[in-house]
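Just below is one structure, and these are the notes that go with it.
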Amino acid sequence: MTLLHLQNVTAHYGASQALFGVDLSVSAGEVVALMGRNGMGKSTTVKSIFRMVPSTGNIVFDGHDLHKLAIHQAARLGIGLVPEGRRCFASLTVHENLIAAARPGHWDVHRVTQLFPRLAERKTQLAQTLSGGEQQMLAIGRALMTNPRLLVLDEATEGLAPMIRQEIWTAIAQLKTETGLAIIIVDKSLSQLKQICDHAVILERGRSAWTGQINDVTPDVATRLIGV
């Protein structure tokens with residue numbers, strides 16, 4: 001069953017057009033990589049899904065036209081975001097960050113801290129005192145606490161130390177195998193994405209330039225469209 005469907009999505013920042021026709025679909029339980037070089041429209045696509053930028057085209061989640069909904073209404077349908085740059089609530093503790101937007105469901109503080117044991121160790125610390133990797137774990141945990149049906153991870157491993165990156169990738173793989181959660185991952189690490197994702201959409205200049213199974217991303221396609 002298709003959970004999220006984007007068709008011919010365009011988006012603008014004022015008079016400047018950023019997306020010129022993005023097509024993307026995610027089925028229940030599927031993990032999709034959203035890829036492309038910097039500035040090709042990946043984050044704008046994420047912002048379009050969450051109604052953060054004006055957009056046109058079709059954006060449908062579980063049969064609901066997201067263009068007709070406010071940001072908070074779209075979130076309540078079951079879409080969780082781990083934003084680029086983490087954006088934890090700096091003056092709140094780890095525990096307070098986790099419960100701030102919590103909704104009833106499978107994910108609670110106990111399950112999140114099982115996924116990321118460091119958060120249990122840091123539960124009384126202010127978010128601003130955590131390392132970058134710990135803040136990323138907290139951002140993922142906070143999104144899971146909303147009990148989403150679709151989780152969107154925007155550059156979740158960017159700027160982290162290799163050991164921490166691997167912890168994050170391991171946790172994402174666990175989410176796929178143990179929960180059946182639908183996930184969109186915006187990232188540049190093709191080798192890691194191939195271990196987790198089912199499909200890939202590659203953007204070029206604000207358009208969907210390649211769509212298919214991620215194992216079909218050839219070295220030629222990767223060099224031409226991703227730069228790896």
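Following the order of the structure tokens, first chain is A, next is B, and so on, with residues numbered from 1 inside each chain and ligands from 1 in the order they appear.
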Q.
If DSSP is run on the backbone, what residues of stretch 26-218 of chain A are strand (DSSP E)? A reply as a VMD selection string would be ideal.
A. chain A and resid 26 to 27 31 to 35 55 to 61 64 to 65 79 to 82 150 to 154 182 to 186 199 to 204 207 to 213
Mind writing the picked residues with N, CA and C atoms as a short mmCIF file (atom, residue, chain, number, x, y, z; two decimals), in the first residue's frame?
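Wrote it out as again.cif, contents follow:
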data_model
loop_
_atom_site.label_atom_id
_atom_site.label_comp_id
_atom_site.auth_asym_id
_atom_site.auth_seq_id
_atom_site.Cartn_x
_atom_site.Cartn_y
_atom_site.Cartn_z
N VAL A 26 6.42 6.16 -1.32
CA VAL A 26 6.89 5.31 -0.23
C VAL A 26 5.72 4.43 0.20
N SER A 27 5.94 3.12 0.18
CA SER A 27 4.92 2.19 0.64
C SER A 27 5.09 1.90 2.12
N VAL A 31 11.75 1.46 2.93
CA VAL A 31 12.78 2.45 3.23
C VAL A 31 13.30 3.00 1.90
N VAL A 32 13.18 4.30 1.72
CA VAL A 32 13.54 4.95 0.46
C VAL A 32 14.65 5.96 0.71
N ALA A 33 15.67 5.91 -0.11
CA ALA A 33 16.76 6.89 -0.06
C ALA A 33 16.44 8.05 -0.99
N LEU A 34 16.59 9.27 -0.48
CA LEU A 34 16.45 10.47 -1.30
C LEU A 34 17.83 11.07 -1.44
N MET A 35 18.35 11.05 -2.66
CA MET A 35 19.76 11.36 -2.87
C MET A 35 19.93 12.46 -3.92
N SER A 55 4.22 24.92 -2.15
CA SER A 55 4.48 23.95 -3.21
C SER A 55 3.20 23.67 -3.99
N THR A 56 3.38 23.12 -5.17
CA THR A 56 2.25 22.69 -6.00
C THR A 56 2.51 21.24 -6.40
N GLY A 57 1.52 20.65 -7.07
CA GLY A 57 1.61 19.25 -7.42
C GLY A 57 0.86 18.41 -6.39
N ASN A 58 1.00 17.11 -6.50
CA ASN A 58 0.29 16.20 -5.59
C ASN A 58 1.20 15.74 -4.47
N ILE A 59 0.76 15.96 -3.22
CA ILE A 59 1.44 15.41 -2.05
C ILE A 59 0.35 14.76 -1.21
N VAL A 60 0.31 13.44 -1.25
CA VAL A 60 -0.77 12.68 -0.61
C VAL A 60 -0.18 11.70 0.39
N PHE A 61 -0.67 11.75 1.62
CA PHE A 61 -0.25 10.81 2.65
C PHE A 61 -1.46 10.04 3.15
N HIS A 64 -4.72 11.44 2.21
CA HIS A 64 -4.99 12.82 2.60
C HIS A 64 -4.13 13.77 1.76
N ASP A 65 -4.76 14.78 1.18
CA ASP A 65 -4.05 15.80 0.42
C ASP A 65 -3.38 16.75 1.42
N ILE A 79 3.42 11.48 10.48
CA ILE A 79 4.67 11.77 9.78
C ILE A 79 5.64 12.39 10.78
N GLY A 80 6.77 11.75 10.99
CA GLY A 80 7.76 12.24 11.95
C GLY A 80 9.01 12.72 11.24
N LEU A 81 9.56 13.82 11.70
CA LEU A 81 10.73 14.43 11.06
C LEU A 81 11.92 14.50 12.02
N VAL A 82 13.07 14.04 11.53
CA VAL A 82 14.35 14.29 12.18
C VAL A 82 15.04 15.33 11.30
N LEU A 150 5.45 7.15 9.18
CA LEU A 150 6.54 7.46 8.26
C LEU A 150 7.54 8.34 8.99
N LEU A 151 8.80 7.93 8.99
CA LEU A 151 9.87 8.70 9.61
C LEU A 151 10.77 9.26 8.51
N VAL A 152 11.03 10.56 8.55
CA VAL A 152 11.88 11.22 7.57
C VAL A 152 13.16 11.67 8.26
N LEU A 153 14.29 11.17 7.80
CA LEU A 153 15.59 11.49 8.37
C LEU A 153 16.36 12.36 7.38
N ASP A 154 16.54 13.62 7.72
CA ASP A 154 17.21 14.57 6.82
C ASP A 154 18.66 14.75 7.26
N ALA A 182 7.87 2.81 7.83
CA ALA A 182 8.27 3.41 6.56
C ALA A 182 9.23 4.55 6.84
N ILE A 183 10.30 4.64 6.05
CA ILE A 183 11.36 5.62 6.31
C ILE A 183 11.84 6.24 5.00
N ILE A 184 12.05 7.56 5.03
CA ILE A 184 12.78 8.26 3.97
C ILE A 184 14.10 8.71 4.57
N ILE A 185 15.20 8.37 3.91
CA ILE A 185 16.52 8.76 4.40
C ILE A 185 17.18 9.67 3.37
N VAL A 186 17.49 10.89 3.80
CA VAL A 186 18.27 11.81 2.97
C VAL A 186 19.72 11.68 3.42
N HIS A 199 14.47 1.25 -2.16
CA HIS A 199 14.45 2.04 -3.39
C HIS A 199 15.21 3.35 -3.19
N ALA A 200 15.47 4.02 -4.29
CA ALA A 200 16.14 5.31 -4.26
C ALA A 200 15.50 6.26 -5.26
N VAL A 201 15.47 7.53 -4.89
CA VAL A 201 15.10 8.60 -5.81
C VAL A 201 16.26 9.58 -5.79
N ILE A 202 16.79 9.87 -6.96
CA ILE A 202 17.92 10.79 -7.06
C ILE A 202 17.45 12.06 -7.75
N LEU A 203 17.71 13.19 -7.11
CA LEU A 203 17.31 14.48 -7.64
C LEU A 203 18.47 15.16 -8.36
N GLU A 204 18.13 15.87 -9.42
CA GLU A 204 19.10 16.73 -10.11
C GLU A 204 18.39 18.01 -10.51
N ARG A 207 14.61 18.12 -9.87
CA ARG A 207 13.75 17.15 -10.55
C ARG A 207 14.17 15.73 -10.17
N SER A 208 13.22 14.80 -10.26
CA SER A 208 13.55 13.39 -10.09
C SER A 208 14.26 12.92 -11.35
N ALA A 209 15.55 12.62 -11.21
CA ALA A 209 16.35 12.24 -12.37
C ALA A 209 16.52 10.73 -12.50
N TRP A 210 16.35 10.02 -11.39
CA TRP A 210 16.50 8.56 -11.41
C TRP A 210 15.67 7.97 -10.29
N THR A 211 14.92 6.91 -10.58
CA THR A 211 14.12 6.21 -9.59
C THR A 211 14.22 4.72 -9.85
N GLY A 212 14.41 3.95 -8.78
CA GLY A 212 14.48 2.50 -8.95
C GLY A 212 14.95 1.82 -7.69
N GLN A 213 15.21 0.52 -7.78
CA GLN A 213 15.74 -0.21 -6.65
C GLN A 213 17.16 0.27 -6.39
#
Q | Shell of 9 Å around A:Lys123, only C-alpha atoms, local chain residues under 6 positions omitted, as a list in words | A |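 Residues near the query, excluding close chain neighbours: Thr93, Val94, His95 and Glu96 of chain A.
In this model, the gap between atom CA of A:Leu115 and atom CA of A:Lys47 comes to 26.7 Å.
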Q: From a DSSP pass on the backbone, collect the residues of stretch 75-136 of chain A flagged as alpha helix (DSSP H) and hand them back as a list of chain:residue names.
A: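 In stretch 75-136 of chain A, DSSP puts these residues in alpha helix (DSSP H): A:Ala75, A:Arg76, A:Val94, A:His95, A:Glu96, A:Asn97, A:Leu98, A:Ile99, A:Ala100, A:Val109, A:His110, A:Arg111, A:Val112, A:Thr113, A:Gln114, A:Leu115, A:Pro117, A:Arg118, A:Leu119, A:Ala120, A:Glu121, A:Gly132, A:Gly133, A:Glu134, A:Gln135, A:Gln136.
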Q. Between A:Ala101, A:Ile168, A:His12, A:Glu84, which is the closest to A:Arg118 once you count only C-alpha atoms?
A. A:Ile168
For A:Gly41, list every protein, DNA or RNA residue within 9 Å, evaluated using only C-alpha atoms, and leave out those in the same chain fewer than 2 positions away; present the list as a PDB file with C-alpha atoms, in the first residue's frame.
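The resulting file, part.pdb, is shown below:
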ATOM      1  CA  ALA A  18      13.737  25.226  -6.082  1.00  0.00           C
ATOM      2  CA  LEU A  19      11.755  22.187  -7.245  1.00  0.00           C
ATOM      3  CA  VAL A  22       9.702  15.775  -8.003  1.00  0.00           C
ATOM      4  CA  GLY A  36      21.538  13.952  -4.993  1.00  0.00           C
ATOM      5  CA  ARG A  37      24.331  16.473  -4.852  1.00  0.00           C
ATOM      6  CA  ASN A  38      24.122  19.470  -2.536  1.00  0.00           C
ATOM      7  CA  GLY A  39      21.583  22.046  -3.654  1.00  0.00           C
ATOM      8  CA  SER A  43      15.770  19.292   1.865  1.00  0.00           C
ATOM      9  CA  THR A  44      13.228  21.361  -0.062  1.00  0.00           C
ATOM     10  CA  THR A  45      11.408  18.152  -0.923  1.00  0.00           C
ATOM     11  CA  VAL A  46      11.313  17.290   2.782  1.00  0.00           C
ATOM     12  CA  LEU A 203      17.307  14.481  -7.644  1.00  0.00           C
ATOM     13  CA  GLU A 204      19.097  16.729 -10.109  1.00  0.00           C
ATOM     14  CA  ARG A 205      18.332  20.436 -10.321  1.00  0.00           C
ATOM     15  CA  GLY A 206      15.048  20.060  -8.489  1.00  0.00           C
ATOM     16  CA  ARG A 207      13.745  17.147 -10.547  1.00  0.00           C
TER      17      ARG A 207
END
Q: Tell me, in Å to one decimal, how far atom CA of A:Ile172 is from atom CA of A:Met1.
A: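 These atoms are spaced 21.6 Å apart.
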Q | A:Leu77, A:Met145, A:Leu126, A:Leu69 ranked by distance to A:Ile99, top pick (using only C-alpha atoms) | A | A:Met145
Q | Atom pair atom CA of A:Ile214 / atom CA of A:Lys194: separation (Å) | A |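 That distance, rounded to one decimal, is 6.1 Å.
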Q: Find the spatial neighbours of stretch 131-136 of chain A, counting only C-alpha atoms, within a cut-off of 10 Å - ignore same-chain residues fewer than 5 positions away - and output them as a PyMOL selection string.
A: chain A and resi 82-90+94+116+118-119+122+141-142+156-161+163-165+167-168
Go ahead and write the residues just picked, C-alpha atoms, as a short mmCIF file (atom, residue, chain, number, x, y, z; two decimals), in the first residue's frame.
data_model
loop_
_atom_site.label_atom_id
_atom_site.label_comp_id
_atom_site.auth_asym_id
_atom_site.auth_seq_id
_atom_site.Cartn_x
_atom_site.Cartn_y
_atom_site.Cartn_z
CA VAL A 82 14.35 14.29 12.18
CA PRO A 83 15.44 17.67 10.80
CA GLU A 84 18.81 18.57 9.37
CA GLY A 85 20.93 20.09 12.13
CA ARG A 86 19.12 18.13 14.89
CA ARG A 87 17.34 21.15 16.47
CA CYS A 88 16.82 19.70 19.92
CA PHE A 89 15.24 21.89 22.58
CA ALA A 90 18.50 23.13 24.07
CA VAL A 94 16.87 14.65 27.44
CA PHE A 116 19.78 4.48 22.21
CA ARG A 118 23.16 6.71 25.87
CA LEU A 119 19.92 8.67 26.23
CA ARG A 122 21.97 11.32 29.91
CA GLY A 141 14.16 9.45 19.67
CA ARG A 142 11.98 12.55 19.89
CA ALA A 156 20.94 12.18 10.08
CA THR A 157 24.64 11.26 9.99
CA GLU A 158 26.12 14.45 8.57
CA GLY A 159 29.10 15.82 10.50
CA LEU A 160 29.29 12.96 12.99
CA ALA A 161 32.33 10.89 13.93
CA MET A 163 31.81 5.50 15.26
CA ILE A 164 28.69 7.56 16.00
CA ARG A 165 27.59 7.38 12.37
CA GLU A 167 25.62 3.62 15.74
CA ILE A 168 23.00 5.69 13.93
#
Q: Mind checking which residues fall within 8 Å of A:Ser25, counting only C-alpha atoms, ignoring those fewer than 4 positions away in the same chain, and posting them as a ChimeraX atom specification?
A: /A:2-6
